Structures are given as C-alpha cells and as structure tokens.
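**Student:** Input file: work-v7.txt. Contents: compact mmCIF, C-alpha atoms and all ligand atoms.
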```
# COMPACT_ATOMS: atom_id res chain seq x y z
CA MET A 1 20.23 12.18 -49.17
CA SER A 2 19.76 11.02 -45.63
CA GLY A 3 19.83 14.51 -44.08
CA ALA A 4 20.10 14.31 -40.30
CA HIS A 5 18.83 10.73 -40.26
CA LEU A 6 21.55 8.31 -39.21
CA ILE A 7 21.28 4.74 -40.43
CA ASP A 8 22.58 2.69 -37.53
CA LEU A 9 23.56 -0.83 -38.55
CA ARG A 10 26.14 -1.34 -35.78
CA SER A 11 23.88 -3.62 -33.78
CA ASP A 12 20.26 -4.41 -32.95
CA THR A 13 21.08 -3.28 -29.39
CA VAL A 14 20.55 0.31 -30.60
CA THR A 15 16.79 -0.21 -30.99
CA LYS A 16 14.68 2.17 -28.91
CA PRO A 17 11.57 1.16 -26.96
CA THR A 18 8.36 1.49 -28.98
CA PRO A 19 5.59 3.95 -27.98
CA ALA A 20 3.55 1.00 -26.65
CA MET A 21 6.50 -0.03 -24.47
CA ARG A 22 6.88 3.47 -23.09
CA ARG A 23 3.19 3.60 -22.20
CA ALA A 24 3.34 0.17 -20.55
CA MET A 25 6.41 1.23 -18.58
CA ALA A 26 4.65 4.33 -17.30
CA GLU A 27 1.66 2.32 -16.15
CA ALA A 28 3.42 -0.82 -14.90
CA GLU A 29 2.28 -2.36 -11.66
CA VAL A 30 5.44 -2.78 -9.54
CA GLY A 31 6.76 -4.18 -6.27
CA ASP A 32 10.13 -5.15 -4.80
CA ASP A 33 11.46 -7.93 -7.01
CA VAL A 34 14.19 -8.93 -4.54
CA TYR A 35 11.27 -10.00 -2.31
CA GLY A 36 9.66 -11.61 -5.39
CA GLU A 37 6.87 -9.05 -5.13
CA ASP A 38 6.95 -7.33 -8.49
CA PRO A 39 3.86 -8.64 -10.32
CA THR A 40 5.06 -7.47 -13.74
CA VAL A 41 8.44 -9.17 -13.37
CA ASN A 42 6.67 -12.32 -12.17
CA ARG A 43 4.41 -12.25 -15.20
CA LEU A 44 7.34 -11.75 -17.56
CA GLU A 45 9.29 -14.63 -15.98
CA GLN A 46 6.27 -16.91 -16.24
CA ARG A 47 5.53 -15.98 -19.83
CA ALA A 48 9.18 -16.28 -20.91
CA ALA A 49 9.47 -19.71 -19.30
CA GLU A 50 6.31 -20.83 -21.09
CA MET A 51 7.51 -19.57 -24.47
CA VAL A 52 10.84 -21.39 -24.29
CA GLY A 53 9.27 -24.51 -22.79
CA LYS A 54 10.99 -24.38 -19.40
CA GLN A 55 9.49 -24.45 -15.93
CA ALA A 56 11.08 -21.28 -14.62
CA ALA A 57 12.82 -18.11 -15.78
CA LEU A 58 14.80 -15.26 -14.33
CA PHE A 59 14.78 -11.64 -15.51
CA VAL A 60 18.34 -10.32 -15.67
CA PRO A 61 19.67 -6.90 -16.67
CA THR A 62 21.93 -8.16 -19.48
CA GLY A 63 22.64 -11.13 -21.68
CA THR A 64 26.13 -11.31 -20.24
CA MET A 65 24.64 -11.78 -16.77
CA GLY A 66 22.22 -14.38 -18.14
CA ASN A 67 25.06 -16.38 -19.67
CA THR A 68 27.20 -15.96 -16.55
CA ILE A 69 24.44 -17.32 -14.31
CA GLY A 70 23.49 -20.00 -16.84
CA ILE A 71 27.06 -21.26 -16.86
CA LYS A 72 27.37 -21.02 -13.08
CA VAL A 73 24.28 -23.13 -12.32
CA ASN A 74 25.47 -25.86 -14.68
CA THR A 75 29.08 -26.15 -13.46
CA ASN A 76 31.40 -26.42 -10.47
CA HIS A 77 34.66 -24.57 -9.94
CA GLY A 78 37.55 -26.18 -11.81
CA GLU A 79 35.56 -27.79 -14.59
CA GLU A 80 35.57 -27.17 -18.33
CA VAL A 81 33.02 -25.44 -20.54
CA LEU A 82 33.18 -26.33 -24.21
CA CYS A 83 32.14 -23.78 -26.84
CA ASP A 84 32.95 -22.84 -30.42
CA ASP A 85 36.03 -20.71 -31.03
CA ARG A 86 34.15 -17.51 -31.85
CA ALA A 87 31.58 -17.64 -29.07
CA HIS A 88 30.31 -14.46 -27.48
CA ILE A 89 31.25 -15.84 -24.03
CA LEU A 90 34.82 -16.23 -25.24
CA ASP A 91 35.41 -12.89 -26.95
CA TRP A 92 32.90 -10.38 -25.62
CA GLU A 93 32.09 -11.16 -21.99
CA LEU A 94 35.31 -10.27 -20.13
CA SER A 95 36.14 -13.91 -19.32
CA MET A 96 33.18 -14.19 -16.94
CA THR A 97 33.28 -17.98 -17.21
CA ALA A 98 36.72 -17.94 -15.58
CA TRP A 99 36.08 -14.97 -13.31
CA PHE A 100 32.75 -16.01 -11.82
CA SER A 101 32.38 -19.74 -12.43
CA GLY A 102 36.07 -20.66 -12.11
CA CYS A 103 35.86 -22.81 -15.23
CA LEU A 104 38.22 -23.19 -18.15
CA VAL A 105 36.74 -22.49 -21.56
CA ARG A 106 37.77 -25.01 -24.17
CA ALA A 107 37.14 -23.47 -27.57
CA VAL A 108 36.62 -25.82 -30.48
CA PRO A 109 37.07 -24.72 -34.13
CA SER A 110 33.81 -24.53 -36.02
CA ALA A 111 32.40 -23.57 -39.40
CA ASP A 112 30.59 -20.23 -39.01
CA GLY A 113 30.24 -20.77 -35.26
CA VAL A 114 28.12 -23.90 -35.61
CA LEU A 115 29.45 -27.02 -33.88
CA ARG A 116 28.60 -30.64 -34.70
CA TRP A 117 28.63 -33.47 -32.21
CA ARG A 118 31.60 -34.93 -34.10
CA ASP A 119 33.53 -31.68 -33.42
CA ILE A 120 32.59 -31.73 -29.75
CA GLU A 121 33.08 -35.35 -28.80
CA PRO A 122 36.89 -35.57 -29.10
CA HIS A 123 37.26 -32.56 -26.78
CA LEU A 124 35.12 -33.82 -23.90
CA ARG A 125 37.17 -34.70 -20.86
CA ALA A 126 36.32 -37.13 -18.14
CA SER A 127 37.50 -36.58 -14.62
CA GLY A 128 40.96 -38.04 -13.97
CA PRO A 129 44.29 -37.34 -12.33
CA HIS A 130 45.18 -34.79 -15.03
CA ASN A 131 41.85 -33.70 -16.43
CA ALA A 132 39.32 -31.13 -15.48
CA PRO A 133 36.03 -32.73 -16.48
CA THR A 134 33.81 -31.09 -19.09
CA SER A 135 30.55 -30.27 -17.41
CA LEU A 136 28.91 -28.00 -19.96
CA VAL A 137 28.54 -27.58 -23.71
CA HIS A 138 27.68 -24.05 -24.73
CA LEU A 139 25.82 -23.41 -28.00
CA GLU A 140 25.29 -19.96 -29.51
CA HIS A 141 22.12 -19.89 -31.62
CA PRO A 142 21.94 -17.83 -33.82
CA HIS A 143 25.69 -17.32 -33.90
CA ASN A 144 26.66 -13.67 -33.77
CA MET A 145 30.22 -13.65 -35.16
CA GLY A 146 29.37 -16.54 -37.48
CA GLY A 147 27.04 -14.08 -39.26
CA GLY A 148 23.71 -14.93 -37.64
CA THR A 149 24.09 -18.59 -38.56
CA LEU A 150 21.83 -21.32 -37.20
CA TYR A 151 22.32 -24.81 -35.86
CA PRO A 152 20.19 -27.39 -37.64
CA LEU A 153 17.54 -28.52 -35.14
CA GLU A 154 18.65 -32.17 -35.41
CA GLU A 155 22.17 -31.15 -34.46
CA ILE A 156 20.96 -29.35 -31.31
CA ASP A 157 18.95 -32.44 -30.38
CA THR A 158 21.86 -34.79 -31.08
CA ILE A 159 24.30 -32.67 -29.08
CA CYS A 160 21.89 -32.53 -26.12
CA GLU A 161 21.17 -36.24 -26.23
CA ARG A 162 24.80 -37.34 -26.46
CA ALA A 163 26.00 -34.79 -23.92
CA HIS A 164 23.31 -35.84 -21.43
CA GLU A 165 24.26 -39.51 -21.87
CA ARG A 166 27.66 -38.50 -20.51
CA GLY A 167 26.33 -36.34 -17.73
CA VAL A 168 27.31 -33.15 -19.54
CA ARG A 169 24.81 -30.28 -19.57
CA VAL A 170 23.97 -27.88 -22.38
CA HIS A 171 23.43 -24.11 -22.18
CA MET A 172 22.12 -22.17 -25.15
CA ASP A 173 23.20 -18.58 -25.67
CA GLY A 174 20.09 -17.61 -27.62
CA ALA A 175 20.67 -13.85 -27.40
CA ARG A 176 18.72 -13.69 -30.67
CA LEU A 177 16.63 -16.80 -30.13
CA PHE A 178 13.53 -15.20 -31.65
CA ASN A 179 15.46 -14.48 -34.82
CA ALA A 180 16.12 -18.22 -34.97
CA VAL A 181 12.39 -18.76 -34.45
CA ALA A 182 11.48 -16.37 -37.29
CA ALA A 183 14.07 -17.88 -39.63
CA SER A 184 13.25 -21.53 -38.96
CA GLY A 185 9.52 -21.38 -38.29
CA LEU A 186 10.12 -23.53 -35.20
CA PRO A 187 8.71 -22.47 -31.84
CA ALA A 188 11.27 -21.36 -29.24
CA SER A 189 10.06 -24.19 -27.01
CA ARG A 190 11.00 -26.72 -29.68
CA ILE A 191 14.43 -25.21 -30.37
CA ALA A 192 15.27 -25.13 -26.65
CA ALA A 193 13.41 -28.34 -25.75
CA ASN A 194 16.48 -30.34 -24.80
CA VAL A 195 18.93 -27.75 -23.51
CA ASP A 196 19.25 -27.40 -19.74
CA THR A 197 19.26 -23.61 -19.73
CA VAL A 198 18.63 -20.97 -22.36
CA MET A 199 19.32 -17.24 -22.35
CA PHE A 200 17.74 -14.72 -24.69
CA CYS A 201 17.80 -10.93 -24.92
CA LEU A 202 14.76 -8.66 -24.86
CA SER A 203 16.99 -5.69 -25.60
CA LYS A 204 18.14 -6.53 -29.13
CA GLY A 205 15.82 -7.14 -32.06
CA LEU A 206 12.85 -7.28 -29.69
CA ALA A 207 13.52 -3.60 -28.88
CA ALA A 208 13.07 -3.56 -25.09
CA PRO A 209 15.31 -0.93 -23.51
CA VAL A 210 16.93 -3.30 -20.98
CA GLY A 211 16.85 -6.96 -20.06
CA SER A 212 17.41 -10.59 -20.86
CA MET A 213 15.86 -13.84 -19.69
CA LEU A 214 17.46 -17.03 -18.41
CA ALA A 215 15.21 -20.10 -18.33
CA GLY A 216 15.59 -23.62 -17.00
CA ALA A 217 14.56 -25.94 -14.19
CA PRO A 218 13.04 -24.36 -11.05
CA GLU A 219 15.94 -25.45 -8.76
CA ALA A 220 18.47 -24.00 -11.18
CA MET A 221 16.58 -20.70 -11.40
CA GLU A 222 16.25 -20.64 -7.59
CA ARG A 223 20.04 -20.82 -7.29
CA GLY A 224 20.36 -18.43 -10.22
CA ARG A 225 18.37 -15.85 -8.26
CA LEU A 226 21.08 -15.83 -5.58
CA TYR A 227 23.88 -15.52 -8.14
CA ARG A 228 21.99 -12.65 -9.73
CA LYS A 229 21.98 -10.89 -6.36
CA ARG A 230 25.71 -11.53 -5.92
CA LEU A 231 26.38 -10.01 -9.33
CA GLY A 232 24.47 -6.88 -8.41
CA GLY A 233 21.48 -7.80 -10.53
CA GLY A 234 18.86 -7.88 -7.76
CA MET A 235 16.67 -5.06 -9.01
CA ARG A 236 13.80 -3.56 -7.02
CA GLN A 237 10.82 -2.08 -8.93
CA ALA A 238 12.02 -3.74 -12.11
CA GLY A 239 8.42 -4.02 -13.32
CA VAL A 240 8.93 -0.80 -15.29
CA LEU A 241 11.47 -2.72 -17.36
CA ALA A 242 9.56 -6.00 -17.39
CA ALA A 243 6.50 -4.18 -18.78
CA ALA A 244 8.53 -3.29 -21.88
CA GLY A 245 9.89 -6.85 -21.89
CA LEU A 246 6.39 -8.31 -22.03
CA ILE A 247 5.59 -6.27 -25.13
CA ALA A 248 8.95 -7.25 -26.62
CA LEU A 249 8.03 -10.88 -26.07
CA GLU A 250 4.43 -10.76 -27.27
CA GLU A 251 4.51 -8.22 -30.08
CA MET A 252 7.97 -7.98 -31.56
CA PRO A 253 8.92 -11.50 -32.70
CA LYS A 254 6.38 -11.49 -35.52
CA ARG A 255 8.11 -8.67 -37.39
CA LEU A 256 11.66 -10.09 -37.28
CA CYS A 257 11.29 -11.68 -40.74
CA GLU A 258 11.31 -8.12 -42.11
CA ASP A 259 14.80 -7.62 -40.63
CA HIS A 260 15.87 -10.92 -42.16
CA SER A 261 14.71 -9.92 -45.60
CA ASN A 262 16.53 -6.57 -45.25
CA ALA A 263 19.70 -8.42 -44.20
CA LYS A 264 19.43 -10.67 -47.25
CA PHE A 265 18.93 -7.60 -49.44
CA LEU A 266 22.10 -6.02 -48.01
CA ALA A 267 24.09 -9.23 -48.43
CA GLU A 268 23.00 -9.64 -52.05
CA GLY A 269 23.89 -6.03 -52.82
CA LEU A 270 27.28 -6.36 -51.12
CA ALA A 271 28.07 -9.57 -53.00
CA LYS A 272 28.00 -7.55 -56.25
CA LEU A 273 30.96 -5.44 -55.12
CA PRO A 274 34.20 -6.99 -56.39
CA VAL A 275 36.26 -6.15 -53.28
CA VAL A 276 33.70 -7.60 -50.88
CA CYS A 277 33.77 -11.21 -49.80
CA ILE A 278 30.42 -12.55 -48.61
CA ASP A 279 28.14 -15.51 -49.29
CA PRO A 280 24.57 -14.15 -49.23
CA GLY A 281 23.30 -17.73 -49.05
CA LYS A 282 24.58 -17.88 -45.47
CA VAL A 283 22.65 -14.81 -44.35
CA VAL A 284 19.51 -16.26 -42.79
CA THR A 285 18.82 -13.93 -39.84
CA ASN A 286 19.54 -10.23 -39.22
CA ILE A 287 23.35 -10.25 -39.19
CA VAL A 288 25.50 -9.56 -42.25
CA ILE A 289 29.27 -9.93 -41.93
CA PHE A 290 31.51 -9.26 -44.90
CA ASP A 291 35.25 -9.25 -45.45
CA MET A 292 36.87 -6.26 -47.15
CA ALA A 293 40.42 -7.65 -47.28
CA ARG A 294 40.59 -6.96 -51.02
CA SER A 295 39.78 -3.25 -50.59
CA SER A 296 42.51 -0.60 -50.55
CA LEU A 297 40.62 1.06 -47.67
CA ALA A 298 41.39 0.07 -44.09
CA PRO A 299 38.32 -1.03 -42.08
CA GLU A 300 38.61 2.05 -39.83
CA GLN A 301 38.64 4.27 -42.91
CA LEU A 302 35.50 2.61 -44.21
CA THR A 303 33.63 3.02 -40.94
CA ALA A 304 34.77 6.67 -40.62
CA GLU A 305 33.86 7.54 -44.22
CA ALA A 306 30.51 5.77 -43.91
CA GLN A 307 29.79 7.64 -40.69
CA ALA A 308 30.51 10.94 -42.44
CA ARG A 309 27.76 9.89 -44.89
CA GLY A 310 25.26 9.04 -42.18
CA LEU A 311 25.84 5.28 -42.04
CA LEU A 312 27.08 3.53 -38.89
CA LEU A 313 28.80 0.14 -39.23
CA ALA A 314 30.85 -1.98 -36.85
CA GLY A 315 34.29 -3.42 -37.48
CA VAL A 316 34.37 -6.84 -35.82
CA GLY A 317 38.06 -7.65 -36.06
CA GLY A 318 40.56 -7.82 -38.90
CA THR A 319 38.96 -6.78 -42.16
CA ARG A 320 35.49 -7.98 -41.18
CA ILE A 321 32.58 -5.55 -40.99
CA ARG A 322 29.18 -6.28 -39.46
CA LEU A 323 25.79 -4.86 -40.35
CA VAL A 324 22.76 -5.73 -38.23
CA THR A 325 19.21 -4.98 -39.35
CA HIS A 326 16.47 -4.13 -36.86
CA VAL A 327 13.14 -2.40 -36.31
CA ASP A 328 14.60 1.11 -36.68
CA VAL A 329 16.05 0.37 -40.15
CA THR A 330 13.78 0.45 -43.22
CA ARG A 331 14.27 -1.03 -46.69
CA ALA A 332 14.94 2.51 -47.96
CA ASP A 333 17.70 2.81 -45.32
CA CYS A 334 19.21 -0.42 -46.64
CA GLU A 335 19.11 0.90 -50.20
CA ARG A 336 20.90 4.03 -49.02
CA ALA A 337 23.43 1.92 -47.09
CA LEU A 338 24.25 -0.03 -50.26
CA GLU A 339 24.72 3.23 -52.17
CA VAL A 340 27.18 4.49 -49.57
CA LEU A 341 29.07 1.19 -49.40
CA GLY A 342 29.10 0.93 -53.19
CA SER A 343 30.64 4.36 -53.52
CA LEU A 344 33.25 3.73 -50.81
CA LEU A 345 34.20 0.22 -51.83
CA GLY A 346 34.45 1.08 -55.51
CA GLY A 347 31.25 -0.47 -56.79
C1 LIG A 401 24.48 -9.45 -27.23
C2 LIG A 401 24.85 -10.84 -26.95
C3 LIG A 401 24.93 -11.31 -25.62
C4 LIG A 401 24.67 -10.48 -24.39
O1 LIG A 401 24.98 -9.17 -24.48
P1 LIG A 401 24.64 -8.03 -23.39
O2 LIG A 401 25.19 -6.85 -24.10
O3 LIG A 401 25.37 -8.39 -22.16
O4 LIG A 401 23.17 -7.98 -23.20
C5 LIG A 401 25.23 -12.64 -25.46
N1 LIG A 401 25.43 -13.45 -26.49
C6 LIG A 401 25.36 -13.03 -27.76
C7 LIG A 401 25.54 -14.00 -28.86
C8 LIG A 401 25.07 -11.71 -28.04
O5 LIG A 401 25.00 -11.31 -29.30
```
Any chance you could give the structure as structure tokens?
**Tutor:**
Amino acid sequence: MSGAHLIDLRSDTVTKPTPAMRRAMAEAEVGDDVYGEDPTVNRLEQRAAEMVGKQAALFVPTGTMGNTIGIKVNTNHGEEVLCDDRAHILDWELSMTAWFSGCLVRAVPSADGVLRWRDIEPHLRASGPHNAPTSLVHLEHPHNMGGGTLYPLEEIDTICERAHERGVRVHMDGARLFNAVAASGLPASRIAANVDTVMFCLSKGLAAPVGSMLAGAPEAMERGRLYRKRLGGGMRQAGVLAAAGLIALEEMPKRLCEDHSNAKFLAEGLAKLPVVCIDPGKVVTNIVIFDMARSSLAPEQLTAEAQARGLLLAGVGGTRIRLVTHVDVTRADCERALEVLGSLLGG
C-alpha cells in the first residue's frame, strides 16, 4: 500500500526543487534584475541562450509569459498567428495572443498536435483588402495535449524555411524542450536552430520551483524585456530563482529519459486494459494520455476514486485522462498506479 505517500501524476509542474537547488538558492549572488544587475539571472540567461543556440535569452516567471512575449515580439496588432488546434496557447493561456498581442489565432487541425508544412500552407494569408496577414507560425514541441508527441526535425526545418521565404516567423513553444532533447538525442540548439524564438520551462520536468526562458535575437529580447515589465514580470533579486534554474538546466536534463521509460511503462500497462484506448507506440516523452470512453465510470469518478487510493490524475477534457511522469515519481509508483487503474477500470 502507498500509505501517506501520494503518487502525483497530474503534471510535471508539481516537482519540488532538489536539495542542491535549495542550497544554491540560499547562497545565490543577487542584484536588481530590472537594472540588469543580478549576476545569477545574467548567467542563467547567457547559459540558456547558449544551450538553445540563440544570441540572447530572457528569464520570465512563467511559460505563459514566455509565449506571450515570444508572440508579441514576432507580430503586430491585427495580424494572424497560426497554430495547431490543440495548442497550449489556444486552450490554456487565457487568450493572451488576442489580449496582449491583438492577433487572431488561426487554429489548424493536426494529427496529435503535430503540423506539417502541407497543413500550414493553405492557411497562410497575405495582406489584402480583406485579410489579416499571417505573421507567425507557432509550433508546440513536444506537444502537451497531443500526448507528448514530437515534430520530426526535418518538418521543423521545412516549416521554418518555407515560412521564412514568405516573411513569416516561427515561435516554438518548447515548454518541455529538454524532453524532446532526451527523446530524440538532438541538442536543443539543433532542434531550435531555425525558429525565431523559443520558450522552455525550468519549472516542469527540470524541477526548478519557478521560471521559464525565452530565447531569440538580441533586439527581440531587448524589446521582450520591456514587454516583460509591462506584464508585471520585472523581478528584482530574481537570482534566488535563477540559481535553481541554472541547476535545472545543467543537471536535470540528463535524467529525463527515466521519466520517458516510466511513461512508456504506464502506457503499455494501460493498453492491456480493455476499456482503455491508447497507442503506447506514440508515447515517446513523459506524457501519457488515454481515452476511457468505453468505461462505465465517468472521468470525474475515476479521478476521485484514484485520489482516494493515493493516486492523482488529471482529466484533460471529455473522456481523456493525462498522466505525466517526473523526477518525484519512481518505477514502483508507476507499478502502483497501474494496479489502482487496473482495479478501477476493470482490468
Ligand atoms: C506548461 C506549458 C506552458 C506554460 O505554462 P505555465 O504554467 O504558464 O508555466 C506552455 N506551453 C505548454 C505546452 C505547456 O505545457
């Protein structure tokens, strides 16, 4: 039995800072970052930029703010942003693209959240008497609601190349970019080589308590700094957070493959349950989404019953349930999670 130990598979955002992070936070050298004088934030921004192969980066409190600023620096009011129809910016960010950037989101149907150039091209709009021009293509990689799915590298490159030929920019929502790195074996700098801006979170699988990074060209990040201030994200002695972020960046990516193998283990176990619909072959990072439409239980009943047994899951709309593996979940926890789900879903 799990005793008092809760197995929390709702999200990798629940990860707590490691002991090394807490020590680094306590000892961080700090200054006023609004004046650009926090040495730890400056180091984190430099290191993050280097790792994703961009010239500059900006430390922001959340991924939502990183995407909001990323979209803002790549667009003008009244233009269109093209993304897939299950994008995080569309469903989970309070319409910030409309609210802050004044742009219309054009959502394009996709398979598992992954767009192809052939899906994108027919929806691009040129400026005209009736059209708002498309100025940005937005790619989510890995794709959260798609089940942690990945774009093939060639497709990212093709999309960037073709979009740029038309003067359209590309922003990557790489909230879990380092999961894509672990799954593909490609360096972050290669994955993001051709996008104009990339956002990734330190606060998810990398286990930092707070923070995300936006990276891109120096002029874009310069303007981004002002938008960050407007949004209330100009933090002062943020070095205490950046110190944890540096450890997240340097130490945590190398263990993400463990989370991926746990996710695969969960997916394979779930696939054996007759009422569960899932293709374990599609689970390549740390997100497992299954459909329980064939179960007599309602999704809310499943999550409540699982919680009563010490297992936390997230309903993600309709009859879909999401499990996310992370540093605070062991293989034994996953075995226990399968036992609980097996008993509830009539395994
Ligand atoms: C978590 C997440 C974000 C940002 O989330 P915050 O909670 O604002 O940090 C952005 N995009 C995707 C795909 C995410 O999963």
**Student:** List the neighbours of Asn286 in chain A out to 7 Å using all atoms listed in the file; skip same-chain residues closer than 5 positions along the sequence, and give me the result as an NGL selection string.
**Tutor:** :A and (148 or 259-260 or 263 or 324-325)
**Student:** As an exercise, work out the distance from CA of Val81 in chain A to CA of Gly224 in chain A in Å and give it to one decimal place.
**Tutor:** 17.8 Å
**Student:** Can you pull out every residue within 6 Å of range 59-71 of chain A, counting all atoms listed in the file, but drop anything in the same chain fewer than 2 positions away, and send it as number ranges by chain?
**Tutor:** A: 73-74, 199, 201, 211-214, 224
**Student:** Find, counting all atoms listed in the file, the residue in A:Val108, A:Ala26, A:Ala304, A:Val327 that gets nearest to Val14 in chain A.
**Tutor:**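 When distances to Val14 in chain A are compared using all atoms listed in the file, the smallest one comes from A:Val327.
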**Student:** Name all residues at most 9 Å from range 122-126 of chain A (count all atoms listed in the file; drop same-chain ones fewer than 5 positions away) and give them as number ranges by chain.
**Tutor:** A: 80, 82, 106, 108, 131-135, 168
**Student:** Determine the nearest neighbour of ligand LIG 401 (chain A) from the options A:Val34, A:Leu115, A:Leu9, A:Ala175, counting all atoms listed in the file.
**Tutor:** A:Ala175
**Student:** Would you list the contacts of range 266-279 of chain A as a list in words, taking every protein, DNA or RNA residue within 9 Å and counting all atoms listed in the file, but skipping same-chain residues closer than 2 positions in sequence?
**Tutor:**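 Residues meeting the cut-off are Ser261, Asn262, Ala263, Lys264, Gly281, Lys282, Val283, Val288, Ile289, Phe290, Asp291, Met292, Ala293, Arg294, Ser295, Ser296, Leu323, Cys334, Glu335, Ala337, Leu338, Leu341, Gly342, Leu345, Gly346 and Gly347 of chain A.
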**Student:** Residues as selected, C-alpha atoms, written as a PDB file, keeping the file's coordinate frame, can you do that?
**Tutor:**
```
ATOM      1  CA  SER A 261      14.710  -9.920 -45.600  1.00  0.00           C
ATOM      2  CA  ASN A 262      16.530  -6.570 -45.250  1.00  0.00           C
ATOM      3  CA  ALA A 263      19.700  -8.420 -44.200  1.00  0.00           C
ATOM      4  CA  LYS A 264      19.430 -10.670 -47.250  1.00  0.00           C
ATOM      5  CA  GLY A 281      23.300 -17.730 -49.050  1.00  0.00           C
ATOM      6  CA  LYS A 282      24.580 -17.880 -45.470  1.00  0.00           C
ATOM      7  CA  VAL A 283      22.650 -14.810 -44.350  1.00  0.00           C
ATOM      8  CA  VAL A 288      25.500  -9.560 -42.250  1.00  0.00           C
ATOM      9  CA  ILE A 289      29.270  -9.930 -41.930  1.00  0.00           C
ATOM     10  CA  PHE A 290      31.510  -9.260 -44.900  1.00  0.00           C
ATOM     11  CA  ASP A 291      35.250  -9.250 -45.450  1.00  0.00           C
ATOM     12  CA  MET A 292      36.870  -6.260 -47.150  1.00  0.00           C
ATOM     13  CA  ALA A 293      40.420  -7.650 -47.280  1.00  0.00           C
ATOM     14  CA  ARG A 294      40.590  -6.960 -51.020  1.00  0.00           C
ATOM     15  CA  SER A 295      39.780  -3.250 -50.590  1.00  0.00           C
ATOM     16  CA  SER A 296      42.510  -0.600 -50.550  1.00  0.00           C
ATOM     17  CA  LEU A 323      25.790  -4.860 -40.350  1.00  0.00           C
ATOM     18  CA  CYS A 334      19.210  -0.420 -46.640  1.00  0.00           C
ATOM     19  CA  GLU A 335      19.110   0.900 -50.200  1.00  0.00           C
ATOM     20  CA  ALA A 337      23.430   1.920 -47.090  1.00  0.00           C
ATOM     21  CA  LEU A 338      24.250  -0.030 -50.260  1.00  0.00           C
ATOM     22  CA  LEU A 341      29.070   1.190 -49.400  1.00  0.00           C
ATOM     23  CA  GLY A 342      29.100   0.930 -53.190  1.00  0.00           C
ATOM     24  CA  LEU A 345      34.200   0.220 -51.830  1.00  0.00           C
ATOM     25  CA  GLY A 346      34.450   1.080 -55.510  1.00  0.00           C
ATOM     26  CA  GLY A 347      31.250  -0.470 -56.790  1.00  0.00           C
TER      27      GLY A 347
END
```
**Student:** Pick the closest to Ala207 in chain A from A:Ala298, A:Leu153, A:Ile247, A:Ala188: which is it, counting all atoms listed in the file?
**Tutor:** A:Ile247
**Student:** Residues within 12 Å of Leu256 in chain A, please, as a count of residues only. Count only C-alpha atoms; anything in the same chain fewer than 2 positions from it doesn't count.
**Tutor:** 37
**Student:** Quick one: of A:Asp119, A:Asp91, A:Glu155, A:Asp196, who's nearest to ligand LIG 401 (chain A), counting all atoms listed in the file?
**Tutor:**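 Answer, going by the shortest atom-to-atom distance: A:Asp91.
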**Student:** So, counting only C-alpha atoms and all ligand atoms, which residue among A:Gly78, A:Pro19, A:Gly102, A:Gly147 is closest to ligand LIG 401 (chain A)?
**Tutor:**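 For ligand LIG 401 (chain A), the nearest of the candidates is A:Gly147.
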**Student:** Assuming the input is short of atoms at range 68-80 of chain A, produce N, CA, C and O atoms for that part as a CSV table (one decimal), in the coordinates of the input.
**Tutor:**
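Printed below is result_4.csv as written:
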```csv
chain,number,residue,atom,x,y,z
A,68,THR,N,26.3,-15.7,-17.7
A,68,THR,CA,27.2,-16.0,-16.6
A,68,THR,C,26.5,-16.8,-15.5
A,68,THR,O,27.0,-17.8,-15.0
A,69,ILE,N,25.2,-16.5,-15.3
A,69,ILE,CA,24.4,-17.3,-14.3
A,69,ILE,C,24.1,-18.7,-14.9
A,69,ILE,O,24.2,-19.7,-14.2
A,70,GLY,N,23.8,-18.7,-16.2
A,70,GLY,CA,23.5,-20.0,-16.8
A,70,GLY,C,24.7,-21.0,-16.7
A,70,GLY,O,24.5,-22.1,-16.5
A,71,ILE,N,25.9,-20.4,-16.9
A,71,ILE,CA,27.1,-21.3,-16.9
A,71,ILE,C,27.3,-21.7,-15.4
A,71,ILE,O,27.6,-22.8,-15.1
A,72,LYS,N,27.1,-20.7,-14.5
A,72,LYS,CA,27.4,-21.0,-13.1
A,72,LYS,C,26.5,-22.1,-12.5
A,72,LYS,O,26.9,-23.0,-11.8
A,73,VAL,N,25.2,-22.1,-12.9
A,73,VAL,CA,24.3,-23.1,-12.3
A,73,VAL,C,24.5,-24.5,-12.9
A,73,VAL,O,24.0,-25.5,-12.4
A,74,ASN,N,25.2,-24.6,-14.0
A,74,ASN,CA,25.5,-25.9,-14.7
A,74,ASN,C,26.9,-26.4,-14.4
A,74,ASN,O,27.2,-27.5,-15.0
A,75,THR,N,27.7,-25.7,-13.6
A,75,THR,CA,29.1,-26.2,-13.5
A,75,THR,C,29.5,-26.1,-12.0
A,75,THR,O,28.9,-25.4,-11.2
A,76,ASN,N,30.7,-26.6,-11.7
A,76,ASN,CA,31.4,-26.4,-10.5
A,76,ASN,C,32.8,-25.8,-10.8
A,76,ASN,O,33.3,-26.0,-11.9
A,77,HIS,N,33.3,-25.1,-9.8
A,77,HIS,CA,34.7,-24.6,-9.9
A,77,HIS,C,35.6,-25.6,-10.4
A,77,HIS,O,35.6,-26.8,-10.0
A,78,GLY,N,36.5,-25.3,-11.4
A,78,GLY,CA,37.6,-26.2,-11.8
A,78,GLY,C,37.1,-27.1,-12.9
A,78,GLY,O,37.9,-28.1,-13.2
A,79,GLU,N,36.0,-26.9,-13.5
A,79,GLU,CA,35.6,-27.8,-14.6
A,79,GLU,C,35.8,-27.1,-15.9
A,79,GLU,O,36.2,-25.9,-16.0
A,80,GLU,N,35.4,-27.8,-17.0
A,80,GLU,CA,35.6,-27.2,-18.3
A,80,GLU,C,34.2,-26.9,-19.0
A,80,GLU,O,33.3,-27.7,-18.8
```
